[in-house]
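Before any comments, here is the structure.
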Amino acid sequence: MSIFDSRPKFTVHVAQTGEAFPCASNESLLTGMLRLGRKGIPVGCVNGGCGVCKVRILEGDIKALGPISRAHVTVDEEGQGYTLACRVAPQTPVNLEVAGKLNKPFSKGRAESATASPIPQQQ
């Protein structure tokens with residue numbers, strides 16, 4: 001979002017990480033999540049077909065931006081608050097949890113293990 005972006009924005013809170021980000025009322029939750037600049041937030045096709053960006057809305061109101069594949073979010077799941085972040089926009093502040101795998105690829109443990117055992121050189 002540019003500093004000149006005057007669209008109404010709502011705060012979206014990711015329950016697992018405690019992170020929050022602004023998201024305009026006419027952009028997808030996924031677009032807002034991507035602005036966090038983190039690696040590991042599930043992103044796939046970005047048009048509702050793959051289900052990678054599945055989230056559960058814990059609090060707040062959203063509006064649909066397009067159809068969601070029933071192969072990834074059933075009617076029962078939708079009733080429990082599940083949706084695809086690429087296909088919905090916030091209408092109020094939102095608290096969500098990522099339903100898929102949320103990775104933090106640059107954790108301290110991985111960095112140490114990567115430097116502790118270098119890859120052997122092939123001769």
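Every chain in the structure tokens takes a letter, A first, then B, and so on in the order presented; its residues are numbered from 1, and the ligands are numbered from 1 following the presented order.
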
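Secondary structure from DSSP on the backbone puts helix (DSSP H, G or I) at the following positions of stretch 11-42 of chain A: Leu29, Leu30, Thr31, Gly32, Met33 and Leu34 of chain A.
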
Quick one: everything within 7 Å of A:Val52, counting only C-alpha atoms, minus sequence neighbours fewer than 3 positions away in the same chain. Send it as a PDB file with all heavy atoms, in the first residue's frame.
ATOM      1  N   PRO A  42       1.193 -19.368   3.737  1.00  0.00           N
ATOM      2  CA  PRO A  42       0.762 -20.218   2.630  1.00  0.00           C
ATOM      3  C   PRO A  42       0.174 -19.426   1.461  1.00  0.00           C
ATOM      4  O   PRO A  42      -0.790 -18.701   1.632  1.00  0.00           O
ATOM      5  CB  PRO A  42      -0.301 -21.112   3.257  1.00  0.00           C
ATOM      6  CG  PRO A  42      -0.117 -21.003   4.725  1.00  0.00           C
ATOM      7  CD  PRO A  42       0.505 -19.677   4.984  1.00  0.00           C
ATOM      8  N   VAL A  43       0.798 -19.574   0.312  1.00  0.00           N
ATOM      9  CA  VAL A  43       0.335 -18.909  -0.904  1.00  0.00           C
ATOM     10  C   VAL A  43       0.397 -19.926  -2.033  1.00  0.00           C
ATOM     11  O   VAL A  43       1.387 -20.626  -2.192  1.00  0.00           O
ATOM     12  CB  VAL A  43       1.238 -17.704  -1.262  1.00  0.00           C
ATOM     13  CG1 VAL A  43       0.753 -17.050  -2.548  1.00  0.00           C
ATOM     14  CG2 VAL A  43       1.289 -16.713  -0.138  1.00  0.00           C
ATOM     15  N   GLY A  44      -0.668 -19.992  -2.776  1.00  0.00           N
ATOM     16  CA  GLY A  44      -0.694 -20.900  -3.912  1.00  0.00           C
ATOM     17  C   GLY A  44      -1.099 -20.163  -5.158  1.00  0.00           C
ATOM     18  O   GLY A  44      -0.443 -19.225  -5.598  1.00  0.00           O
ATOM     19  N   GLY A 100      -3.688 -23.823   7.348  1.00  0.00           N
ATOM     20  CA  GLY A 100      -2.619 -24.634   6.780  1.00  0.00           C
ATOM     21  C   GLY A 100      -1.364 -24.542   7.618  1.00  0.00           C
ATOM     22  O   GLY A 100      -1.369 -24.050   8.747  1.00  0.00           O
TER      23      GLY A 100
END

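Using only C-alpha atoms, the nearest neighbour of A:Gly79 within the list A:Val94, A:Leu65, A:Ser6, A:Arg56 is A:Arg56.
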
Q) How many Å lie between atom CA of A:Asp5 and atom CA of A:Gly60, rounded to one decimal? A) 22.6 Å

Q: Have a look at atom CA of A:Glu97 and atom CA of A:Glu19 and let me know their distance in Å, one decimal.
A: 10.9 Å

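Picture a line from atom CA of A:Arg35 to atom CA of A:Phe21; it runs 7.9 Å.
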
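Each of A:Gly81, A:Pro8, A:Gly66, A:Gly32 was checked against A:Lys54 using only C-alpha atoms; the smallest atom-to-atom distance is that of A:Gly81.
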